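Next up, query32.cif (mmCIF, C-alpha atoms):
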data_coords
loop_
_atom_site.label_atom_id
_atom_site.label_comp_id
_atom_site.auth_asym_id
_atom_site.auth_seq_id
_atom_site.Cartn_x
_atom_site.Cartn_y
_atom_site.Cartn_z
CA MET Q 16 10.56 10.11 15.75
CA SER Q 17 8.27 8.40 13.29
CA GLN Q 18 6.44 5.17 14.06
CA LYS Q 19 7.88 1.88 12.95
CA LEU Q 20 5.94 -1.08 11.57
CA SER Q 21 7.32 -4.44 10.52
CA ILE Q 22 5.16 -6.79 8.49
CA VAL Q 23 6.06 -10.46 8.06
CA CYS Q 24 4.42 -12.20 5.08
CA VAL Q 25 4.71 -15.98 5.08
CA THR Q 26 1.39 -17.25 3.69
CA GLY Q 27 0.91 -17.34 -0.08
CA THR Q 28 -2.83 -16.68 -0.25
CA ARG Q 29 -4.59 -13.69 -1.76
CA GLU Q 30 -6.42 -12.61 1.40
CA LYS Q 31 -3.28 -12.55 3.55
CA LEU Q 32 -1.09 -10.85 0.92
CA GLN Q 33 -3.84 -8.32 0.18
CA MET Q 34 -4.29 -7.36 3.85
CA ALA Q 35 -0.53 -7.06 4.38
CA ALA Q 36 -0.19 -4.91 1.25
CA MET Q 37 -3.11 -2.66 2.24
CA ILE Q 38 -1.63 -2.03 5.67
CA ALA Q 39 1.87 -1.52 4.24
CA SER Q 40 0.73 1.02 1.64
CA VAL Q 41 -1.51 3.08 3.91
CA ALA Q 42 0.98 3.08 6.81
CA ALA Q 43 3.91 3.99 4.56
CA ALA Q 44 1.93 6.79 2.90
CA THR Q 45 1.05 8.16 6.34
CA GLY Q 46 4.67 8.55 7.38
CA THR Q 47 5.27 5.27 9.21
CA ASP Q 48 8.59 3.52 8.58
CA VAL Q 49 7.51 0.22 7.05
CA ASN Q 50 9.60 -2.90 6.57
CA VAL Q 51 7.99 -5.90 4.88
CA PHE Q 52 9.73 -9.26 5.18
CA LEU Q 53 8.76 -11.83 2.53
CA SER Q 54 9.42 -15.47 3.28
CA MET Q 55 8.03 -18.97 2.93
CA ASN Q 56 5.16 -19.24 0.41
CA ALA Q 57 4.67 -15.46 0.20
CA LEU Q 58 7.92 -14.91 -1.69
CA SER Q 59 7.37 -16.69 -5.01
CA PHE Q 60 4.94 -14.05 -6.36
CA PHE Q 61 7.81 -11.55 -6.38
CA ILE Q 62 10.12 -13.65 -8.53
CA LYS Q 63 10.31 -12.47 -12.16
CA GLY Q 64 8.41 -14.75 -14.52
CA ASN Q 65 6.32 -16.33 -11.76
CA SER Q 66 2.55 -16.00 -11.59
CA ASP Q 67 1.27 -13.13 -9.48
CA VAL Q 68 -2.08 -14.83 -8.93
CA ALA Q 69 -2.31 -16.11 -5.37
CA PRO Q 70 -4.79 -18.87 -4.51
CA VAL Q 71 -7.84 -17.77 -2.54
CA GLU Q 72 -8.80 -18.93 0.95
CA GLY Q 73 -12.51 -18.19 0.70
CA GLU Q 74 -15.23 -15.84 -0.44
CA MET Q 75 -13.35 -12.60 0.15
CA GLY Q 76 -10.42 -13.73 -1.97
CA THR Q 77 -12.77 -14.44 -4.86
CA LEU Q 78 -14.49 -11.07 -4.46
CA MET Q 79 -11.10 -9.35 -4.49
CA SER Q 80 -10.32 -10.62 -7.98
CA GLN Q 81 -12.92 -8.22 -9.38
CA LYS Q 82 -12.10 -5.00 -11.18
CA GLY Q 83 -11.37 -2.02 -8.96
CA VAL Q 84 -9.54 -3.87 -6.17
CA PRO Q 85 -5.88 -2.84 -6.36
CA PRO Q 86 -3.74 -6.02 -6.73
CA PHE Q 87 -1.43 -6.71 -3.77
CA LYS Q 88 1.72 -6.32 -5.84
CA GLN Q 89 0.63 -2.87 -6.95
CA LEU Q 90 -0.02 -1.88 -3.32
CA PHE Q 91 3.40 -3.11 -2.19
CA GLN Q 92 4.94 -1.17 -5.08
CA GLN Q 93 3.07 1.98 -4.03
CA ALA Q 94 4.17 1.45 -0.44
CA ALA Q 95 7.77 1.48 -1.68
CA GLU Q 96 7.36 4.36 -4.15
CA LEU Q 97 5.05 6.69 -2.25
CA GLY Q 98 6.04 5.89 1.30
CA ASP Q 99 9.62 4.56 1.11
CA ALA Q 100 8.59 1.18 2.52
CA LYS Q 101 11.26 -1.48 2.28
CA ILE Q 102 10.12 -4.82 0.82
CA LEU Q 103 12.76 -7.30 1.92
CA PRO Q 104 13.12 -10.86 0.62
CA CYS Q 105 14.20 -13.47 3.15
CA SER Q 106 17.73 -14.63 2.37
CA MET Q 107 17.00 -18.16 3.61
CA ALA Q 108 14.03 -18.53 1.24
CA LEU Q 109 16.13 -17.23 -1.67
CA ASP Q 110 18.84 -19.77 -0.90
CA LEU Q 111 16.34 -22.63 -0.82
CA LEU Q 112 14.72 -21.48 -4.06
CA LYS Q 113 18.17 -20.93 -5.63
CA VAL Q 114 17.11 -17.43 -6.62
CA GLY Q 115 19.22 -14.27 -6.55
CA LYS Q 116 18.43 -10.58 -6.13
CA GLU Q 117 18.50 -10.09 -9.91
CA ASP Q 118 15.63 -12.59 -10.30
CA LEU Q 119 13.31 -10.52 -8.10
CA ASP Q 120 10.96 -7.67 -8.91
CA PRO Q 121 12.75 -4.29 -8.89
CA GLU Q 122 10.78 -2.88 -5.95
CA LEU Q 123 12.32 -5.47 -3.64
CA GLY Q 124 15.21 -4.47 -1.40
CA PRO Q 125 18.33 -6.48 -0.55
CA PRO Q 126 18.10 -10.11 0.63
CA THR Q 127 17.79 -9.87 4.38
CA GLY Q 128 18.50 -12.30 7.18
CA LEU Q 129 16.55 -12.59 10.41
CA THR Q 130 19.17 -10.94 12.58
CA ARG Q 131 19.12 -7.83 10.41
CA PHE Q 132 15.34 -7.79 10.11
CA LEU Q 133 14.80 -8.25 13.85
CA SER Q 134 17.24 -5.54 14.77
CA GLU Q 135 15.49 -3.12 12.41
CA ALA Q 136 12.13 -4.15 13.89
CA GLU Q 137 13.26 -3.47 17.43
CA GLY Q 138 11.07 -1.02 19.32
CA GLY Q 139 8.27 -1.01 16.73
CA GLN Q 140 5.14 -3.00 16.02
CA MET Q 141 5.17 -6.29 14.17
CA LEU Q 142 2.36 -7.95 12.22
CA THR Q 143 2.45 -11.40 10.67
CA PHE Q 144 0.35 -12.62 7.74
CA MET M 20 -1.24 30.17 -9.14
CA SER M 21 -2.89 27.24 -7.36
CA GLU M 22 -4.57 24.58 -9.42
CA ASN M 23 -7.72 22.52 -9.19
CA LYS M 24 -7.36 18.86 -10.03
CA ILE M 25 -10.07 16.24 -10.26
CA ILE M 26 -9.03 12.66 -9.49
CA ASP M 27 -11.47 10.06 -10.74
CA ALA M 28 -11.19 7.02 -8.46
CA ARG M 29 -14.76 5.82 -9.00
CA ASP M 30 -15.29 2.04 -8.94
CA THR M 31 -12.06 1.30 -7.09
CA TYR M 32 -12.06 -0.18 -3.61
CA CYS M 33 -10.10 0.68 -0.48
CA PRO M 34 -7.28 1.63 -0.44
CA GLY M 35 -7.42 2.44 -4.18
CA PRO M 36 -8.94 5.94 -3.84
CA LEU M 37 -6.50 6.88 -1.07
CA MET M 38 -3.48 5.69 -3.06
CA GLU M 39 -4.73 7.66 -6.10
CA LEU M 40 -5.04 10.76 -3.94
CA ILE M 41 -1.55 10.30 -2.50
CA THR M 42 -0.06 9.83 -5.97
CA TYR M 43 -1.51 13.16 -7.12
CA MET M 44 -0.78 14.84 -3.79
CA LYS M 45 2.94 14.14 -4.29
CA GLN M 46 2.87 15.93 -7.66
CA ALA M 47 0.73 18.89 -6.52
CA SER M 48 1.99 22.20 -5.14
CA VAL M 49 1.13 23.66 -1.74
CA GLY M 50 -2.23 25.44 -2.04
CA ASP M 51 -3.54 23.27 -4.87
CA THR M 52 -7.00 21.80 -4.46
CA LEU M 53 -7.65 18.14 -5.25
CA GLU M 54 -11.13 16.76 -5.71
CA LEU M 55 -11.32 13.01 -5.27
CA LEU M 56 -14.29 11.19 -6.78
CA SER M 57 -15.07 7.88 -5.10
CA THR M 58 -17.90 5.38 -4.96
CA ASP M 59 -16.33 3.51 -2.04
CA GLU M 60 -18.15 4.23 1.24
CA GLY M 61 -15.22 3.16 3.41
CA SER M 62 -12.89 5.55 1.62
CA ALA M 63 -15.32 8.43 2.16
CA ALA M 64 -14.66 8.05 5.88
CA ASP M 65 -11.03 6.96 5.78
CA VAL M 66 -9.62 9.50 3.32
CA PRO M 67 -10.48 12.47 5.63
CA GLU M 68 -8.74 10.57 8.47
CA TRP M 69 -5.59 10.38 6.35
CA VAL M 70 -5.85 14.04 5.28
CA ASN M 71 -6.09 15.18 8.90
CA LYS M 72 -3.39 12.83 10.11
CA VAL M 73 -0.77 14.00 7.64
CA GLY M 74 -1.76 17.66 7.99
CA HIS M 75 -3.56 18.65 4.80
CA GLU M 76 -6.90 20.44 4.81
CA MET M 77 -10.35 18.90 4.18
CA LEU M 78 -12.42 21.50 2.35
CA GLY M 79 -15.55 19.47 1.89
CA SER M 80 -17.15 16.10 1.49
CA GLU M 81 -20.47 15.48 -0.21
CA LYS M 82 -22.24 12.66 -1.96
CA VAL M 83 -23.88 13.51 -5.27
CA ASP M 84 -25.77 10.80 -7.18
CA GLY M 85 -23.90 8.00 -5.43
CA VAL M 86 -20.45 9.55 -5.91
CA TRP M 87 -18.45 11.05 -3.06
CA HIS M 88 -16.70 14.34 -3.85
CA LEU M 89 -13.90 14.89 -1.36
CA LYS M 90 -12.15 18.24 -1.65
CA ILE M 91 -8.71 18.58 -0.17
CA ARG M 92 -6.18 21.41 -0.11
CA LYS M 93 -2.50 20.51 -0.06
CA ALA M 94 -1.20 22.33 3.01
CA LYS M 95 2.49 21.45 3.08
#

For this file, produce the structure as structure tokens.
Amino acid sequence: MSQKLSIVCVTGTREKLQMAAMIASVAAATGTDVNVFLSMNALSFFIKGNSDVAPVEGEMGTLMSQKGVPPFKQLFQQAAELGDAKILPCSMALDLLKVGKEDLDPELGPPTGLTRFLSEAEGGQMLTF
Amino acid sequence: MSENKIIDARDTYCPGPLMELITYMKQASVGDTLELLSTDEGSAADVPEWVNKVGHEMLGSEKVDGVWHLKIRKAK
């Protein structure tokens, strides 16, 4: 049975989203079953028409805006395309934002509640950013 | 007939070179050789880890004029 990794993204800063996306893409491409749960301030970057520029926390975030660093959205997309990772928007956050599935980037999976996410995460590792 | 493909991932940072390699690996046939060019030191160490973990074959790794040349054969 393959390994299972659940990643919870709640913070809307470049460093945190970048680290989560790096881990998601490499793990998914290495055969790990990856589920990414997007909630709180991490979700808005995946809504169509919104900015995909996340504010930086410090020096590393600024360095990561340079050419050659793959943007976090591209890495999440590759995690989904190359490694079948599931990028799941939090249904509670969507309700609060009054946003539907059709308003989200196409690589995102179905709106997911905590019960569903936690039962899929059962028995695997979980990381929170 | 197996092919030789050069993937130019110079001036991209981790995990850029690895994701480039994986993209081309998906399209390649078993037996094809892929040569990944990278200027990222971390990737020079981490890409072979990935290759071994997923079961492909590292054919060679050398640094020429500041550029890593990682040669990999698709094994499955």

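What the PyMOL selection byres ((chain M) within 6 of (chain Q)) matches in the given file is Asp30, Thr31, Tyr32 and Gly35 of chain M.
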
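The smallest atom-to-atom distance between Glu60 (chain M) and any of M:Arg92, M:Glu81, M:Asp27, M:Met38, using all atoms listed in the file, is found for M:Glu81.
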
Figure out the distance between CA of Val51 (chain Q) and CA of Leu32 (chain Q), please, to one decimal in Å.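 Rounded to one decimal, the two atoms are 11.1 Å apart.
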
I'd like the contact shell of Lys24 (chain M) - 7 Å cut-off, only C-alpha atoms, skipping same-chain residues fewer than 2 positions apart - returned as number ranges by chain. M: 22, 26, 52-54

Running the PyMOL selection byres ((chain Q and resi 119) around 12) on this model by hand, what would come out? Give it as a PyMOL selection string. chain Q and resi 53+58-65+102-105+109+112-118+120-126

Please write the residues picked by the PyMOL selection byres ((chain M and resi 44) around 12) on this file as a PyMOL selection string. (chain Q and resi 44+97) or (chain M and resi 22-26+37-43+45-55+70+73+75-76+91-95)

Å distance separating CA of Ser57 (chain M) from CA of Glu72 (chain Q), one decimal place: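 Value for the CA of Ser57 (chain M)-CA of Glu72 (chain Q) distance: 28.2 Å.
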
Mind giving me the straight-line distance from CA of Val68 (chain Q) to CA of Phe144 (chain Q) in Å, one decimal? 17.0 Å

Go through Q:Leu111, Q:Val49, Q:Gly139, Q:Asn56 and flag the residue nearest Gly27 (chain Q), using all atoms listed in the file for the distances.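 Among the listed residues, the smallest separation from Gly27 (chain Q) belongs to Q:Asn56.
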
Which residue is closest to Gly85 (chain M)? Choose from M:Arg29, M:Pro36, M:Lys72, M:Met20 and count only C-alpha atoms.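 Of M:Arg29, M:Pro36, M:Lys72, M:Met20, the one nearest Gly85 (chain M) is M:Arg29, counting only C-alpha atoms.
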
Using only C-alpha atoms, find all polymer residues with an atom at most 7 Å away from the point (-16.4, 11.5, -5.1); report them as a compact mmCIF listing (two decimals) with C-alpha atoms, in the coordinates of the input.
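Final output, selection.txt:
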# COMPACT_ATOMS: atom_id res chain seq x y z
CA LEU M 55 -11.32 13.01 -5.27
CA LEU M 56 -14.29 11.19 -6.78
CA SER M 57 -15.07 7.88 -5.10
CA THR M 58 -17.90 5.38 -4.96
CA LYS M 82 -22.24 12.66 -1.96
CA VAL M 86 -20.45 9.55 -5.91
CA TRP M 87 -18.45 11.05 -3.06
CA HIS M 88 -16.70 14.34 -3.85
CA LEU M 89 -13.90 14.89 -1.36

So, with all atoms listed in the file as the atoms that count, which of Q:Met75, Q:Met34, Q:Ala57, Q:Ala39 lies closest to Ser21 (chain Q)?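 Answer, going by the shortest atom-to-atom distance: Q:Ala39.
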
Need the shell around Glu68 (chain M): protein/DNA/RNA residues with any atom at most 10 Å away, counting only C-alpha atoms. Skip same-chain ones fewer than 6 positions apart. Format as a list in words?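 The neighbour list is Ser62, Gly74 and Met77 of chain M.
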
Go ahead and write the residues just picked, C-alpha atoms, as a PDB file, in the coordinates of the input.
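Once written, result.pdb looks like this:
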ATOM      1  CA  SER M  62     -12.890   5.550   1.620  1.00  0.00           C
ATOM      2  CA  GLY M  74      -1.760  17.660   7.990  1.00  0.00           C
ATOM      3  CA  MET M  77     -10.350  18.900   4.180  1.00  0.00           C
TER       4      MET M  77
END

Looking at Q:Asp67, Q:Asp48, Q:Glu30, Q:Glu74, which one is nearest to Gly138 (chain Q), with distances taken over only C-alpha atoms?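 So, comparing all the options, the nearest one is Q:Asp48.
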
Could you write out as JSON the box around region 87-102 of chain Q (axis-aligned, all atoms listed in the file, 5 Å on each side), with centre and edge lengths in Å to one decimal?
{"center_x": 4.9, "center_y": 0.0, "center_z": -2.2, "size_x": 22.7, "size_y": 23.4, "size_z": 19.5}
